[in-house]
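Below is one structure, written out as structure tokens; comments come after it.
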Amino acid sequence: SILDLKGSRFGVSKVISLMEYPGIKERFGLSEGDVGKIRNWVKDVRIRWGRDEDEKTTLGLPGINENTWKAGIERLLLGYAMPTEDSKMFSGILPFDGIEGADAQVLGKFLEFLERIFISAESLEGLRTINEWYSVLAGILDALFISDDETQRHVQFIRTVLCGMLNDSTMSGYDGKLGIEIFKYRITKELEHESSASGFMSGGVTFCSMLPMRSIPFKVICLLGMNNDAFPGNPGSYGFDLIANNPRPGDRSKKNDDKYIFLEALISAGKTFYVSYVGQSIQDNTPIPPSVLVSELLDYVREGFGFGPEQMITRHKLQAFSPAYFKDSGKLSSYSAENMLAAQSLSESRYKSGDRAPFLADGIIGPSDEWKRIEIETLCGFFANPAKYLLTKRLGIYLEEKDTVLSDREDFDLNGLDRYLVNQDLVSDIKEGKPAGDYCLSAYKAEGRLPHGKAGEIMLNESGIDAGIFVKKLDEYTKDGKPGFYNVDMTINGFSLTGRLTNIYESGMLSFRYAAMKGKDLLRAWIYHLVLCSLDSDISTLNTLLVCTDKSAKFNPVEKSVDELAALLDLYREGLSRPLRFFPDLSHEFAEQTHILGKGKNDAVRIVEKKWYGSYYARGVSKDPYYDLC
């Protein structure tokens, strides 16, 4: 893999995979936790490929610095060297927020690894004599690998191969210059030879071909692939093969040789003789007979010992993740943890929700005092998905599959989530007075968030027009001066509620999201509105306005706001001990159907059921892994 770096684009997945190799990460003092942290950094600064813009130019591509190793490393270093408030740029570099304290040591080790990788790749260029290549490759081994119990044998083998080539050149007197490709070919062939030569009698499980006069007694012997059309073999004949064209008694027969090999394997098995073959068609499940030798063996055992095929043959399932492999009864078994998880998921999907035992049926112990100090935003997050909050915050159970795959390709277009995040930041920046066409373009390019070249500029301009219209819509409600804020620290029903209320104007408090309104938006605005109404302050207007792209909602002053907050905090207390059956989007849909559209309760329930179960075109709320588990 290191030799493949010559002429490569230094794709992020390839470089990080090299760092994770045994012997390399230990060489630079990196632990598994450090490697995971580095992967997150590299993903967050959006490194894709290429050392810098100059390398892209040598490949005949535009010299764009975004998404290169140079751009990402500069962001990481500047993020450690200076604060990242207000997303201020320095010399065209946007500091990365997320490196502090002991992280600097991990970053330093990572930079040392990158430097040696780049230097090693440069040393592989050009032509050299075999003696010079020996010195270069030995230096790469010393620079990148640590010789420990796990890697010593492999490192020593490569050194032996290099010494062998050096001795060959000395004995032959060859002193010409070669490219690294010759060494790469020789090392690859030697590695293949080593893997095949060390397979027989190497300890553990030995894999080998069936050859005559080679059978050695073993406790367990397994014959794989004993299909009807595969064994005994049917060797092809050539037109010039006179023996095959004119057979005579006593000629060697490949079929008889295979029979002899089969008999040798049988008598060499001390305890277990295992034979496998494809016994059913993958298309229509029709039976397929095994090799004729296996059939003869089954017939002999039945006639001589009375064991029928049903006692000797185990019929396996088509898929390795069949639930039958993970049941206590039966002959089938498996030790694969991945297939077990797949079988468990398959079994759960076949059960009705009523057939499953409830998760945390008796609940868990109540929260300690530290849970009674809560921020407003945390309370909003709880009601957005109470089941997720309980599992992640109290039990430390995370069910989402994190995307750990690093992409080597820069973005040519933005997917739905990336476009949504860009639009949200764009609205916030424009609202703060930052120009979308100048500052935002430079900042987002420095982050590597946009497609390269004109495509990114056009996309940002189009998004900027729509975001600007939305900001003007917000300005209609904020004409009465600059926004104020209010720090909150109140005690309600044994809970200490803290946080900050922002965007407070003379006309009230403004909440907005640059997207279609959802139930969680209304719920968040309602909680903040209750806090606003509960303050003992000189705020003149206790109104809250929620503005989204499709509609807006206004909350008027609430007289018993403290009682409402106390009721919500009681639900929060309950939700810390057992799953709370609350689904904000479904509740909002039901309320909208009944109170606004005037539909009957049964009709509204049917509509909500469709959103709960989903369809082929839309993912149902019930598919949320946290709701599904609880």
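Chains: A, B, ... in order of the structure tokens. Residues: from 1 per chain. Ligands: from 1, in order shown.
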inquiry  = Among region 394-625 of chain A, which residues does DSSP mark as alpha helix (DSSP H) when it is run on the backbone? Keep the chain and numbering as in the structure and answer as a VMD selection string.
reply    = chain A and resid 416 to 431 441 to 447 454 to 475 519 to 534 561 to 575 584 to 591 601 to 613 625
inquiry  = Report as a PyMOL selection string all protein, DNA and RNA residues lying within 8 Å of Ser13 (chain A), evaluated on only C-alpha atoms, omitting residues in the same chain fewer than 5 positions from it.
reply    = chain A and resi 405-408
ask   = When you draw a straight line from CA of Ser276 (chain A) to CA of Ala337 (chain A), how long is it in Å?
value =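 Taking CA of Ser276 (chain A) and CA of Ala337 (chain A), their separation equals 22.8 Å.
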ask   = Quick one: of A:Ala591, A:Ala320, A:Leu346, A:Leu263, who's nearest to Leu293 (chain A), counting only C-alpha atoms?
value = A:Leu263
remark   = Using only C-alpha atoms, the residue out of A:Ile282, A:Ala138, A:Val294, A:Leu178 with shortest distance to Ala230 (chain A) is A:Val294
key: Long-range neighbours of Arg39 (chain A) as a list in words, 9 Å cut-off, only C-alpha atoms, 4 positions minimum in chain   =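 The residues that qualify are Ile16, Asp34, Val35, Lys43, Asp44, Thr404 and Leu406 of chain A.
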message = Which residues are close to Asp603 (chain A), i.e. within 9 Å by only C-alpha atoms, leaving aside same-chain residues fewer than 5 positions away? Reply as an MDAnalysis selection string.
response = chainID A and resid 593:594 608
Could you write out that same residue set with C-alpha atoms as a PDB file, in the first residue's frame?
```pdb
ATOM      1  CA  GLN A 593     -56.565  17.702  11.422  1.00  0.00           C
ATOM      2  CA  THR A 594     -59.134  18.038  14.227  1.00  0.00           C
ATOM      3  CA  VAL A 608     -51.815   9.787  11.864  1.00  0.00           C
TER       4      VAL A 608
END
```
task = Write out as number ranges by chain the residues lying within 7 Å of Ile221 (chain A), counting only C-alpha atoms and excluding same-chain residues fewer than 6 positions away.
result = A: 269, 272-274
ask   = Between A:Leu460, A:Met210, A:Ile243, A:Met89, which is the closest to Tyr260 (chain A) once you count only C-alpha atoms?
value =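 Closest to Tyr260 (chain A), using only C-alpha atoms: A:Met210.
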ask   = Running DSSP on the backbone, which parts of region 30-265 of chain A land in strand (DSSP E), as a PyMOL selection string?
value = chain A and resi 128-129+177-178+218-223
query = So which residues touch Leu571 (chain A) within 12 Å, counting only C-alpha atoms, skipping near sequence neighbours fewer than 6 positions away, as a count of residues only?
reply = 13
